[in-house]
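Printed here is protein39.csv (CSV, C-alpha atoms):
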chain,number,residue,atom,x,y,z
A,15,MET,CA,24.4,-10.8,-6.7
A,16,PRO,CA,22.6,-9.8,-3.6
A,17,THR,CA,21.6,-12.4,-1.1
A,18,ALA,CA,17.9,-13.2,-1.2
A,19,PRO,CA,16.1,-12.5,2.1
A,20,PRO,CA,14.6,-15.4,4.0
A,21,PRO,CA,11.1,-16.3,2.8
A,22,GLY,CA,8.3,-14.2,4.2
A,23,PRO,CA,5.3,-15.6,6.2
A,24,GLU,CA,2.9,-18.0,4.4
A,25,PRO,CA,-0.3,-16.2,3.5
A,26,THR,CA,-3.8,-16.8,4.9
A,27,THR,CA,-6.5,-16.6,2.3
A,28,CYS,CA,-9.5,-14.4,3.0
A,29,THR,CA,-12.3,-14.2,0.5
A,30,THR,CA,-14.1,-10.9,-0.3
A,31,ASP,CA,-17.9,-10.6,-0.7
A,32,ASP,CA,-17.3,-10.3,-4.5
A,33,GLY,CA,-15.3,-13.6,-4.6
A,34,ILE,CA,-11.7,-12.4,-4.7
A,35,ALA,CA,-9.1,-14.5,-2.8
A,36,VAL,CA,-7.0,-12.1,-0.8
A,37,ALA,CA,-3.6,-13.1,0.6
A,38,ALA,CA,-3.1,-11.9,4.2
A,39,TYR,CA,0.2,-12.1,6.2
A,40,ASP,CA,1.1,-12.1,9.9
A,41,PHE,CA,4.3,-10.0,10.3
A,42,GLY,CA,4.3,-10.6,14.0
A,43,GLY,CA,5.1,-8.2,16.8
A,44,SER,CA,3.3,-7.5,20.1
A,45,GLY,CA,0.7,-5.0,21.0
A,46,PRO,CA,-2.5,-3.7,19.4
A,47,ASP,CA,-3.3,-5.0,15.9
A,48,LEU,CA,-2.1,-2.9,13.0
A,49,LEU,CA,-3.0,-3.6,9.4
A,50,LEU,CA,-0.5,-2.4,6.7
A,51,VAL,CA,-1.7,-1.8,3.1
A,52,HIS,CA,0.7,-1.2,0.2
A,53,ALA,CA,0.7,1.2,-2.7
A,54,THR,CA,-0.3,0.4,-6.4
A,55,GLY,CA,2.1,-2.0,-8.1
A,56,PHE,CA,3.7,-3.3,-4.9
A,57,CYS,CA,2.8,-6.0,-2.5
A,58,ALA,CA,2.6,-6.7,1.2
A,59,GLY,CA,6.3,-7.8,1.4
A,60,VAL,CA,7.6,-4.3,0.8
A,61,LEU,CA,6.2,-3.2,4.1
A,62,ALA,CA,8.0,-5.9,6.1
A,63,PRO,CA,10.8,-3.5,7.1
A,64,LEU,CA,8.2,-1.1,8.4
A,65,ALA,CA,6.5,-3.9,10.3
A,66,ALA,CA,9.8,-5.0,11.8
A,67,ALA,CA,10.4,-1.4,13.1
A,68,LEU,CA,6.9,-1.3,14.6
A,69,GLY,CA,7.0,-4.9,16.0
A,70,ASP,CA,7.8,-3.8,19.6
A,71,ARG,CA,4.6,-1.8,19.7
A,72,PHE,CA,2.1,-3.5,17.4
A,73,ARG,CA,1.1,-6.9,16.1
A,74,CYS,CA,1.5,-6.2,12.4
A,75,TRP,CA,-0.6,-7.7,9.6
A,76,ALA,CA,-0.6,-7.0,5.9
A,77,LEU,CA,-2.4,-8.0,2.7
A,78,ASP,CA,-1.9,-8.1,-1.1
A,79,LEU,CA,-4.6,-6.0,-2.7
A,80,ARG,CA,-6.5,-7.6,-5.5
A,81,GLY,CA,-4.3,-7.9,-8.6
A,82,HIS,CA,-1.2,-7.7,-6.6
A,83,GLY,CA,1.2,-10.3,-5.0
A,84,ARG,CA,-0.5,-13.6,-4.3
A,85,SER,CA,-4.1,-12.3,-4.3
A,86,GLY,CA,-6.6,-12.9,-7.1
A,87,ARG,CA,-7.7,-10.4,-9.7
A,88,PRO,CA,-11.2,-9.5,-10.9
A,89,VAL,CA,-11.8,-11.6,-14.1
A,90,ASP,CA,-13.6,-8.6,-15.7
A,91,GLY,CA,-10.6,-6.4,-15.1
A,92,ASP,CA,-12.6,-3.9,-13.1
A,93,PHE,CA,-10.3,-2.2,-10.7
A,94,ALA,CA,-12.7,0.4,-9.2
A,95,TRP,CA,-11.2,1.3,-5.9
A,96,ASP,CA,-14.1,0.2,-3.8
A,97,GLY,CA,-12.8,-3.3,-4.5
A,98,PHE,CA,-9.7,-2.5,-2.4
A,99,ALA,CA,-12.0,-1.5,0.5
A,100,ARG,CA,-13.6,-4.9,0.1
A,101,ASP,CA,-10.2,-6.5,0.3
A,102,VAL,CA,-9.4,-4.7,3.5
A,103,ARG,CA,-12.7,-5.6,5.1
A,104,ALA,CA,-12.4,-9.2,4.1
A,105,VAL,CA,-9.0,-9.4,5.9
A,106,VAL,CA,-10.1,-7.7,9.0
A,107,GLU,CA,-13.1,-10.0,9.3
A,108,GLY,CA,-11.3,-13.1,8.1
A,109,LEU,CA,-8.4,-12.8,10.5
A,110,GLY,CA,-10.8,-11.9,13.3
A,111,ILE,CA,-9.0,-8.7,14.3
A,112,ASP,CA,-11.3,-6.3,16.2
A,113,ARG,CA,-10.9,-2.5,15.5
A,114,PRO,CA,-7.3,-2.6,14.4
A,115,PHE,CA,-5.2,0.4,13.6
A,116,GLY,CA,-4.3,1.0,10.0
A,117,PHE,CA,-1.3,2.1,8.0
A,118,GLY,CA,-1.7,2.8,4.3
A,119,HIS,CA,0.6,4.0,1.6
A,120,SER,CA,-0.8,5.8,-1.4
A,121,CYS,CA,-3.5,3.6,-2.9
A,122,GLY,CA,-3.4,1.6,0.4
A,123,GLY,CA,-4.3,4.7,2.3
A,124,ALA,CA,-7.3,5.3,0.1
A,125,ALA,CA,-8.4,1.7,0.6
A,126,LEU,CA,-8.4,2.1,4.4
A,127,LEU,CA,-10.4,5.3,4.2
A,128,LEU,CA,-12.9,3.7,1.8
A,129,ALA,CA,-13.2,0.7,4.1
A,130,GLU,CA,-13.8,2.9,7.2
A,131,GLN,CA,-16.4,4.9,5.3
A,132,ALA,CA,-18.2,1.8,4.2
A,133,ARG,CA,-18.3,0.4,7.7
A,134,PRO,CA,-17.7,3.1,10.3
A,135,GLY,CA,-15.9,1.9,13.4
A,136,THR,CA,-13.7,-0.7,11.6
A,137,PHE,CA,-10.5,1.1,12.6
A,138,ALA,CA,-9.4,2.6,15.9
A,139,GLY,CA,-7.1,5.1,14.1
A,140,LEU,CA,-5.3,5.5,10.7
A,141,TYR,CA,-1.9,6.7,9.7
A,142,LEU,CA,-1.9,7.4,5.9
A,143,PHE,CA,1.2,8.3,3.9
A,144,GLU,CA,0.0,10.3,0.9
A,145,PRO,CA,-3.3,8.5,0.3
A,146,VAL,CA,-4.6,9.0,-3.2
A,147,VAL,CA,-7.8,11.0,-2.3
A,148,VAL,CA,-8.2,13.7,-4.9
A,149,PRO,CA,-10.1,16.8,-3.8
A,150,ASP,CA,-13.0,17.6,-6.0
A,151,ALA,CA,-11.4,20.9,-7.1
A,152,LEU,CA,-8.5,19.0,-8.6
A,153,ARG,CA,-10.3,16.3,-10.5
A,154,ALA,CA,-11.0,18.4,-13.6
A,155,ASP,CA,-7.3,19.5,-13.7
A,156,LEU,CA,-6.2,15.9,-14.0
A,157,GLY,CA,-7.8,15.4,-17.4
A,158,ASP,CA,-8.0,12.1,-19.2
A,159,HIS,CA,-4.3,11.5,-19.7
A,160,ASN,CA,-2.7,9.7,-16.7
A,161,PRO,CA,1.1,9.6,-17.0
A,162,LEU,CA,1.3,6.9,-14.2
A,163,ALA,CA,-1.0,4.6,-16.2
A,164,ALA,CA,1.0,5.2,-19.4
A,165,GLY,CA,4.2,4.4,-17.5
A,166,ALA,CA,2.7,1.2,-16.1
A,167,ARG,CA,1.8,0.0,-19.6
A,168,ARG,CA,5.5,0.4,-20.6
A,169,ARG,CA,6.9,-1.2,-17.4
A,170,ARG,CA,9.4,-4.0,-17.9
A,171,SER,CA,7.6,-7.1,-16.4
A,172,THR,CA,10.1,-10.0,-16.9
A,173,PHE,CA,13.7,-10.7,-15.9
A,174,PRO,CA,16.0,-13.7,-16.0
A,175,SER,CA,15.9,-13.9,-12.2
A,176,ALA,CA,14.8,-12.0,-9.1
A,177,GLU,CA,18.5,-11.1,-8.6
A,178,ASP,CA,18.6,-9.5,-12.1
A,179,ALA,CA,15.4,-7.6,-11.2
A,180,PHE,CA,17.0,-6.4,-8.0
A,181,VAL,CA,20.1,-5.1,-9.7
A,182,ASN,CA,18.0,-3.4,-12.4
A,183,PHE,CA,15.8,-1.6,-10.0
A,184,SER,CA,18.5,-0.6,-7.5
A,185,SER,CA,20.4,1.2,-10.3
A,186,LYS,CA,17.8,3.6,-11.4
A,187,PRO,CA,15.1,5.9,-9.9
A,188,PRO,CA,12.5,5.8,-8.5
A,189,LEU,CA,13.2,2.4,-6.9
A,190,ALA,CA,16.9,3.0,-6.4
A,191,GLY,CA,16.1,5.0,-3.3
A,192,LEU,CA,14.2,2.2,-1.6
A,193,ASP,CA,15.5,0.5,1.6
A,194,PRO,CA,17.4,-2.5,0.3
A,195,GLU,CA,15.3,-5.0,2.3
A,196,ALA,CA,12.1,-3.4,0.9
A,197,LEU,CA,13.4,-3.7,-2.6
A,198,ARG,CA,14.4,-7.3,-2.1
A,199,ARG,CA,11.0,-8.1,-0.8
A,200,TYR,CA,9.5,-6.5,-3.9
A,201,VAL,CA,11.5,-8.7,-6.2
A,202,GLU,CA,11.0,-11.8,-4.2
A,203,ASP,CA,7.3,-11.4,-3.4
A,204,GLY,CA,6.2,-9.2,-6.3
A,205,PHE,CA,7.4,-11.5,-9.0
A,206,GLU,CA,6.5,-15.1,-9.8
A,207,PRO,CA,8.3,-17.9,-11.8
A,208,VAL,CA,7.4,-18.1,-15.4
A,209,PRO,CA,6.4,-21.5,-16.6
A,210,ALA,CA,9.1,-23.1,-18.7
A,211,ASP,CA,6.9,-23.2,-21.8
A,212,GLU,CA,6.2,-19.5,-21.5
A,213,GLY,CA,9.6,-18.1,-20.5
A,214,GLY,CA,11.9,-18.6,-23.4
A,215,ASP,CA,14.8,-16.4,-24.2
A,216,GLY,CA,16.2,-16.5,-20.6
A,217,VAL,CA,13.1,-15.1,-18.9
A,218,ALA,CA,12.5,-16.7,-15.5
A,219,VAL,CA,10.4,-14.3,-13.4
A,220,ARG,CA,7.4,-12.1,-14.1
A,221,LEU,CA,5.6,-9.3,-12.2
A,222,ARG,CA,2.6,-10.7,-10.4
A,223,CYS,CA,0.8,-7.3,-10.8
A,224,ARG,CA,0.1,-7.3,-14.6
A,225,ARG,CA,1.0,-4.1,-16.4
A,226,GLU,CA,-2.5,-3.7,-17.8
A,227,ASP,CA,-4.0,-4.1,-14.3
A,228,GLU,CA,-1.6,-1.5,-12.8
A,229,ALA,CA,-2.6,0.9,-15.5
A,230,ALA,CA,-6.3,0.3,-14.9
A,231,ILE,CA,-5.8,0.9,-11.2
A,232,PHE,CA,-4.0,4.2,-11.9
A,233,ASP,CA,-6.8,5.2,-14.3
A,234,ALA,CA,-9.4,4.5,-11.6
A,235,GLY,CA,-7.6,6.4,-8.9
A,236,SER,CA,-9.4,9.7,-9.3
A,237,ALA,CA,-12.9,8.2,-9.7
A,238,HIS,CA,-13.6,7.0,-6.2
A,239,ASP,CA,-15.6,9.1,-3.8
A,240,ALA,CA,-13.5,9.0,-0.6
A,241,PHE,CA,-13.0,12.7,-0.6
A,242,ALA,CA,-16.7,13.4,-0.5
A,243,HIS,CA,-17.1,11.3,2.6
A,244,LEU,CA,-14.1,12.3,4.7
A,245,GLY,CA,-16.4,14.0,7.1
A,246,ALA,CA,-17.9,10.7,8.0
A,247,VAL,CA,-14.5,9.2,9.2
A,248,GLY,CA,-14.8,9.3,13.0
A,249,CYS,CA,-11.5,7.7,14.0
A,250,PRO,CA,-8.3,9.8,14.4
A,251,VAL,CA,-6.5,10.1,11.1
A,252,THR,CA,-2.9,11.3,10.4
A,253,LEU,CA,-2.1,12.3,6.8
A,254,ALA,CA,1.6,12.2,6.2
A,255,TYR,CA,3.5,13.5,3.2
A,256,GLY,CA,7.0,13.8,1.9
A,257,ALA,CA,8.2,17.4,1.3
A,258,HIS,CA,9.8,16.2,-2.0
A,259,SER,CA,6.5,14.7,-3.4
A,260,VAL,CA,4.7,16.4,-6.3
A,261,MET,CA,1.6,14.3,-6.3
A,262,PRO,CA,-0.3,13.7,-4.0
A,263,GLY,CA,2.0,15.8,-1.8
A,264,ARG,CA,1.4,18.7,0.5
A,265,ALA,CA,-1.4,20.5,-1.4
A,266,VAL,CA,-3.6,17.5,-1.6
A,267,MET,CA,-3.0,16.5,2.0
A,268,GLU,CA,-3.8,20.0,3.2
A,269,ALA,CA,-7.1,19.8,1.3
A,270,ASP,CA,-7.9,16.3,2.6
A,271,VAL,CA,-7.3,17.1,6.2
A,272,VAL,CA,-9.9,19.9,6.4
A,273,PRO,CA,-13.1,17.8,6.3
A,274,LEU,CA,-11.7,15.1,8.6
A,275,PRO,CA,-13.4,15.5,12.1
A,276,ASP,CA,-10.1,14.3,13.8
A,277,GLY,CA,-7.3,14.8,11.3
A,278,ARG,CA,-3.7,15.8,11.6
A,279,LEU,CA,-0.9,16.6,9.1
A,280,GLU,CA,2.7,15.4,9.4
A,281,ALA,CA,5.5,16.2,7.0
A,282,TYR,CA,8.8,14.4,6.3
A,283,ALA,CA,11.3,17.0,5.2
A,284,ASP,CA,13.7,14.7,3.3
A,285,LEU,CA,11.3,12.1,1.8
A,286,GLY,CA,9.2,11.7,-1.3
A,287,HIS,CA,6.2,9.7,-2.2
A,288,PHE,CA,8.0,6.4,-1.5
A,289,GLY,CA,8.9,7.5,2.0
A,290,PRO,CA,7.7,4.4,3.8
A,291,LEU,CA,9.8,2.2,1.6
A,292,GLU,CA,12.8,4.6,1.6
A,293,ARG,CA,13.2,5.1,5.3
A,294,PRO,CA,10.9,2.6,7.1
A,295,ALA,CA,12.4,3.1,10.5
A,296,GLU,CA,11.8,6.9,10.4
A,297,VAL,CA,8.2,6.5,9.1
A,298,ALA,CA,7.6,3.8,11.8
A,299,ARG,CA,8.6,6.3,14.5
A,300,GLY,CA,6.1,8.8,13.1
A,301,THR,CA,3.4,6.1,12.8
A,302,ALA,CA,3.9,5.0,16.4
A,303,ARG,CA,3.8,8.6,17.8
A,304,ALA,CA,0.6,9.3,15.9
A,305,LEU,CA,-1.2,6.1,16.8
A,306,SER,CA,-0.2,6.5,20.5
A,307,ARG,CA,-2.3,9.6,20.5
A,308,SER,CA,-5.2,7.4,19.2
A,309,GLY,CA,-4.7,5.1,22.2
A,310,GLY,CA,-2.6,2.5,20.3
A,311,THR,CA,0.3,2.4,22.8
A,312,THR,CA,1.8,4.4,25.5
A,313,ARG,CA,5.3,3.0,25.2
A,314,SER,CA,7.9,5.6,24.2

Render the structure in this file as structure tokens.
Amino acid sequence: MPTAPPPGPEPTTCTTDDGIAVAAYDFGGSGPDLLLVHATGFCAGVLAPLAAALGDRFRCWALDLRGHGRSGRPVDGDFAWDGFARDVRAVVEGLGIDRPFGFGHSCGGAALLLAEQARPGTFAGLYLFEPVVVPDALRADLGDHNPLAAGARRRRSTFPSAEDAFVNFSSKPPLAGLDPEALRRYVEDGFEPVPADEGGDGVAVRLRCRREDEAAIFDAGSAHDAFAHLGAVGCPVTLAYGAHSVMPGRAVMEADVVPLPDGRLEAYADLGHFGPLERPAEVARGTARALSRSGGTTRS
């Protein structure tokens, strides 16, 4: 069995204006503040390898979005994505970090854009790897059936141990391609012990992000209005994508960059949608280069 990584940092709780307790983490490093936001179904811990690769340039922070990791969930099950923007703002304010930079992956990228649109000037610059910001022209093509939501509802959510979960995920796509440390952080931080009276039949750990919540998040992913307000984002924004991605991928990023007042595109030839978790050191280099143009650091 693989050796478990050392425990991650203890979270600080920040409360949103709609009453959600959000877990925030100090990943350390030195330099300007950089807030890292994860993709749907994951948790802050999976970005720890990325933070480690950025630690000589930035002080890295991260959070578990509502319904993920150690954060609370809306009791009414409403996962409209403006809630994720509330999570981001609560952490920026609760930690007292002034105009940080932001890195977001997938849903996390959309959360950062929504937060900046709701409160302009929150961020000094953003690096977003395939943020889920659907151009208006593509919304109708998506229809009512969301295969990602359907897959989430079928997801295996319990395992005898975190080690069993690690072995399972490392043997099959899409998570088999993840950096081993990112995958270990997923199974250590993204699962919780099952109470003895609930486990039974050898079950000992369970996904913190409920399957029905993940499905609801995917279903709500095309309903937010971040695309309509991209022109209001004043800080520099880099939209990165993996050449092997199908969705969002290149076409969506090319459409998203057009309305941005200060937007750039960056492609990773050998990566897919999980690029930041597949090759965190490579994505960290791209992030540092882009944010240095925003005034984040001049170190090479």

Subject >> Atomic separation - CA of Leu50 in chain A relative to CA of Arg278 in chain A, Å >> reply: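 One can read the CA of Arg278 in chain A to CA of Leu50 in chain A distance as 19.1 Å.
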
**OP:** Just the residues within 9 Å of Gly43 in chain A, please, counting all atoms listed in the file, with nothing from its chain fewer than 6 positions along; format it as a PyMOL selection string.
**Re:** chain A and resi 65-66+68-74

**OP:** Please provide as an MDAnalysis selection string all residues within 10 Å of range 88-90 of chain A, with the sequence filter that same-chain residues fewer than 6 positions apart are discarded (counting only C-alpha atoms).
**Re:** chainID A and resid 32:35 80:81 97 227

**OP:** Can you pull out every residue within 9 Å of range 146-148 of chain A, counting all atoms listed in the file, but drop anything in the same chain fewer than 2 positions away, and send it as a PyMOL selection string?
**Re:** chain A and resi 119-124+144+150-153+235-241+261-262+266-267+269-270

Pull C-alpha atoms from the residues just selected and write them as an mmCIF file, in the frame of the given file.
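selection_16.cif, freshly written:
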data_model
loop_
_atom_site.group_PDB
_atom_site.id
_atom_site.type_symbol
_atom_site.label_atom_id
_atom_site.label_comp_id
_atom_site.auth_asym_id
_atom_site.auth_seq_id
_atom_site.Cartn_x
_atom_site.Cartn_y
_atom_site.Cartn_z
ATOM 1 C CA HIS A 119 0.600 4.000 1.600
ATOM 2 C CA SER A 120 -0.800 5.800 -1.400
ATOM 3 C CA CYS A 121 -3.500 3.600 -2.900
ATOM 4 C CA GLY A 122 -3.400 1.600 0.400
ATOM 5 C CA GLY A 123 -4.300 4.700 2.300
ATOM 6 C CA ALA A 124 -7.300 5.300 0.100
ATOM 7 C CA GLU A 144 0.000 10.300 0.900
ATOM 8 C CA ASP A 150 -13.000 17.600 -6.000
ATOM 9 C CA ALA A 151 -11.400 20.900 -7.100
ATOM 10 C CA LEU A 152 -8.500 19.000 -8.600
ATOM 11 C CA ARG A 153 -10.300 16.300 -10.500
ATOM 12 C CA GLY A 235 -7.600 6.400 -8.900
ATOM 13 C CA SER A 236 -9.400 9.700 -9.300
ATOM 14 C CA ALA A 237 -12.900 8.200 -9.700
ATOM 15 C CA HIS A 238 -13.600 7.000 -6.200
ATOM 16 C CA ASP A 239 -15.600 9.100 -3.800
ATOM 17 C CA ALA A 240 -13.500 9.000 -0.600
ATOM 18 C CA PHE A 241 -13.000 12.700 -0.600
ATOM 19 C CA MET A 261 1.600 14.300 -6.300
ATOM 20 C CA PRO A 262 -0.300 13.700 -4.000
ATOM 21 C CA VAL A 266 -3.600 17.500 -1.600
ATOM 22 C CA MET A 267 -3.000 16.500 2.000
ATOM 23 C CA ALA A 269 -7.100 19.800 1.300
ATOM 24 C CA ASP A 270 -7.900 16.300 2.600
#

Tell me, counting only C-alpha atoms, for each residue of range 224-269 of chain A within 7 Å of range 160-177 of chain A, which pair of atoms is nearest and how far apart they are in Å to one decimal, in rows ordered by chain and increasing number, as a tab-separated table.
residue	atom	partner	partner_atom	distance
A:Arg225	CA	A:Arg167	CA	5.3
A:Glu226	CA	A:Arg167	CA	6.0
A:Glu228	CA	A:Ala166	CA	6.1
A:Ala229	CA	A:Ala163	CA	4.1
A:Ala230	CA	A:Ala163	CA	6.9
A:Phe232	CA	A:Ala163	CA	5.3
A:Asp233	CA	A:Ala163	CA	6.1

**OP:** Around the point (2.2, -10.7, 2.8), in the coordinates given by the file, pick out the residues reaching within 7 Å, counting all atoms listed in the file, and return them as a list in words.
**Re:**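 Within 7 Å of (2.2, -10.7, 2.8), the protein and nucleic acid residues are Pro23, Pro25, Ala37, Ala38, Tyr39, Ala58, Gly59, Ala76, Leu77 and Asp78 of chain A.
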
Original post:
How many Å lie between CA of Pro294 in chain A and CA of Ala125 in chain A, rounded to one decimal?
Top reply: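 The value is 20.4 Å.
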
Original post:
What is the CA of Pro134 in chain A to CA of Val247 in chain A distance in Å?
Top reply: 7.0 Å

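The smallest atom-to-atom distance between Asp276 in chain A and any of A:Arg307, A:Arg103, A:Arg199, A:His52, using all atoms listed in the file, is found for A:Arg307.
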
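Residues in contact range of Ala62 in chain A, defined as at most 9 Å between only C-alpha atoms, with sequence neighbours fewer than 5 positions away removed, read Gly22, Phe41, Ala67, Ala76, Glu195, Ala196 and Arg199 of chain A.
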
**OP:** Go through A:Pro114, A:Pro275, A:Gly256, A:Arg293 one by one, measure the shortest atom-to-atom distance of each to Gly45 in chain A using all atoms listed in the file, and give the residue with the smallest value.
**Re:**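 Residue with the minimum atom-to-atom distance to Gly45 in chain A: A:Pro114.
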
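If all atoms listed in the file are the atoms counted, then among A:Leu79, A:Val106, A:Cys223, A:Ala246 the closest residue to Val51 in chain A is A:Leu79.
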